[in-house]
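Structure record follows, encoded as structure tokens.
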Amino acid sequence: MAQHAELSAILENFEKNAPEPVLSVITKARNDFIESFDPKAAIQVGETLPEFRLSDAVGNERSSAEFLANGPLLITFYRGEWCPFCNIALVGFQKIVDEIKSKGISFVAISPELPNQSLSTAEKHDLKFPVLSDVGNKYAKQLGILFQQPDSLRPIFDKFGHRFAERNGDDSLVVPVPATILVDEKGVVRNTFIDPDYTKRVEPATVLEWINELKK
């Protein structure tokens with residue numbers, strides 16, 4: 001099943017089976033953000049990627065300079081392990097990570113979750129790439145890809161046991177817009193997929209097309 005079909009199936013199942021009060025609140029929050037998001041405020045193709053220094057799942061500091069010293073860098077932001085759409089996307093990258101690496105591209109995933117939570121994610125999905133913690137969403141803010149989820153979602157998250165204070169170190173409900181960014185060895189952004197609708201993600205095949213174009 002293609003990733004798009006998997007994502008659509010998750011959404012359709014939710015819309016079919018979620019209780020109406022839950023469905024209406026989550027759908028409104030999603031649609032409101034889609035309408036309000038300004039794509040021009042996000043990092044653009046041709047811009048230089050801001051530097052980062054973030055902890056990996058076992059607490060080691062990793063930097064953009066470290067990765068770029070080895071060539072181009074592919075980054076994907078995800079909201080957290082609690083998000084089923086994010087998990088599908090991470091598994092999609094896992095399927096192509098060997099091919100990504102074979103092209104001389106470094107790949108990292110970034111979320112606002114604390115390192116111990118990131119370690120759980122990496123182990124659960126047997127990920128073969130670094131999972132970095134952007135605690136407080138400071139780096140996502142630099143890139144213009146923040147989603148301040150409304151407080152109307154808080155009771156729903158509490159009901160499902162998504163405790164952000166434990167996962168992220170704060171209970172602000174702020175998450176990154178799921179984004180995938182490819183930069184060349186000079187740190188210049190060459191491709192992006194930034195969609196305020198978190199049910200949509202870049203197809204792995206599209207990422208490989210980006211990389212093949214970059215390597216020409």
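By order of appearance in the structure tokens: chains A, B, ..., then residues from 1 within every chain, and ligands from 1 in the order shown.
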field: strand (DSSP E or B) positions in region 6-197 of chain A, given as a PyMOL selection string
entry: chain A and resi 48+53-55+61-63+73-77+106-111+131-133+146-148+174-176+179-183+188-194
message: Need the shell around region 96-104 of chain A: protein/DNA/RNA residues with any atom at most 10 Å away, counting only C-alpha atoms. Skip same-chain ones fewer than 6 positions apart. Format as an MDAnalysis selection string?
response: chainID A and resid 70:74 127:129 204:205 207:208 211:212 214:215
task: Give me the residues within 12 Å of Arg163 (chain A) as a PyMOL selection string, counting only C-alpha atoms and dropping any in the same chain fewer than 3 places off.
output: chain A and resi 80-82+113+117+153-160+166-173
Counting only C-alpha atoms, which residues of region 90-166 of chain A fall within 12 Å of region 47-67 of chain A, and what is the closest atom pair for each with its distance in Å at one decimal, ordered by chain and rising number, as JSON lines?
```
{"residue": "A:Lys101", "atom": "CA", "partner": "A:Phe67", "partner_atom": "CA", "distance": 11.9}
{"residue": "A:Gly104", "atom": "CA", "partner": "A:Phe67", "partner_atom": "CA", "distance": 10.7}
{"residue": "A:Ile105", "atom": "CA", "partner": "A:Phe67", "partner_atom": "CA", "distance": 8.9}
{"residue": "A:Ser106", "atom": "CA", "partner": "A:Phe67", "partner_atom": "CA", "distance": 6.3}
{"residue": "A:Phe107", "atom": "CA", "partner": "A:Phe67", "partner_atom": "CA", "distance": 8.5}
{"residue": "A:Val108", "atom": "CA", "partner": "A:Phe67", "partner_atom": "CA", "distance": 9.2}
{"residue": "A:Ala109", "atom": "CA", "partner": "A:Asp56", "partner_atom": "CA", "distance": 9.7}
{"residue": "A:Ile110", "atom": "CA", "partner": "A:Leu54", "partner_atom": "CA", "distance": 8.8}
{"residue": "A:Ser111", "atom": "CA", "partner": "A:Leu54", "partner_atom": "CA", "distance": 10.3}
{"residue": "A:Pro112", "atom": "CA", "partner": "A:Leu54", "partner_atom": "CA", "distance": 10.5}
{"residue": "A:Glu113", "atom": "CA", "partner": "A:Ala57", "partner_atom": "CA", "distance": 9.7}
{"residue": "A:Leu114", "atom": "CA", "partner": "A:Ala57", "partner_atom": "CA", "distance": 8.1}
{"residue": "A:Pro115", "atom": "CA", "partner": "A:Ala57", "partner_atom": "CA", "distance": 4.5}
{"residue": "A:Asn116", "atom": "CA", "partner": "A:Ala57", "partner_atom": "CA", "distance": 6.2}
{"residue": "A:Gln117", "atom": "CA", "partner": "A:Ala57", "partner_atom": "CA", "distance": 7.7}
{"residue": "A:Ser118", "atom": "CA", "partner": "A:Ala57", "partner_atom": "CA", "distance": 5.2}
{"residue": "A:Leu119", "atom": "CA", "partner": "A:Ala57", "partner_atom": "CA", "distance": 4.5}
{"residue": "A:Ser120", "atom": "CA", "partner": "A:Ala57", "partner_atom": "CA", "distance": 8.3}
{"residue": "A:Thr121", "atom": "CA", "partner": "A:Ala57", "partner_atom": "CA", "distance": 8.9}
{"residue": "A:Ala122", "atom": "CA", "partner": "A:Ala57", "partner_atom": "CA", "distance": 7.7}
{"residue": "A:Glu123", "atom": "CA", "partner": "A:Ala57", "partner_atom": "CA", "distance": 9.7}
{"residue": "A:Leu127", "atom": "CA", "partner": "A:Ala57", "partner_atom": "CA", "distance": 11.1}
{"residue": "A:Phe129", "atom": "CA", "partner": "A:Asp56", "partner_atom": "CA", "distance": 10.1}
{"residue": "A:Pro130", "atom": "CA", "partner": "A:Asp56", "partner_atom": "CA", "distance": 6.4}
{"residue": "A:Val131", "atom": "CA", "partner": "A:Asp56", "partner_atom": "CA", "distance": 5.7}
{"residue": "A:Leu132", "atom": "CA", "partner": "A:Asp56", "partner_atom": "CA", "distance": 4.4}
{"residue": "A:Ser133", "atom": "CA", "partner": "A:Ser55", "partner_atom": "CA", "distance": 5.6}
{"residue": "A:Asp134", "atom": "CA", "partner": "A:Leu54", "partner_atom": "CA", "distance": 6.3}
{"residue": "A:Val135", "atom": "CA", "partner": "A:Leu54", "partner_atom": "CA", "distance": 8.4}
{"residue": "A:Gly136", "atom": "CA", "partner": "A:Leu54", "partner_atom": "CA", "distance": 11.4}
{"residue": "A:Asn137", "atom": "CA", "partner": "A:Leu54", "partner_atom": "CA", "distance": 10.9}
{"residue": "A:Lys138", "atom": "CA", "partner": "A:Phe52", "partner_atom": "CA", "distance": 9.7}
{"residue": "A:Tyr139", "atom": "CA", "partner": "A:Phe52", "partner_atom": "CA", "distance": 7.0}
{"residue": "A:Ala140", "atom": "CA", "partner": "A:Phe52", "partner_atom": "CA", "distance": 10.2}
{"residue": "A:Lys141", "atom": "CA", "partner": "A:Pro50", "partner_atom": "CA", "distance": 10.9}
{"residue": "A:Gln142", "atom": "CA", "partner": "A:Pro50", "partner_atom": "CA", "distance": 7.5}
{"residue": "A:Leu143", "atom": "CA", "partner": "A:Pro50", "partner_atom": "CA", "distance": 7.8}
{"residue": "A:Gly144", "atom": "CA", "partner": "A:Pro50", "partner_atom": "CA", "distance": 11.4}
```
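Picture a line from CA of Leu11 (chain A) to CA of Val45 (chain A); it runs 29.6 Å.
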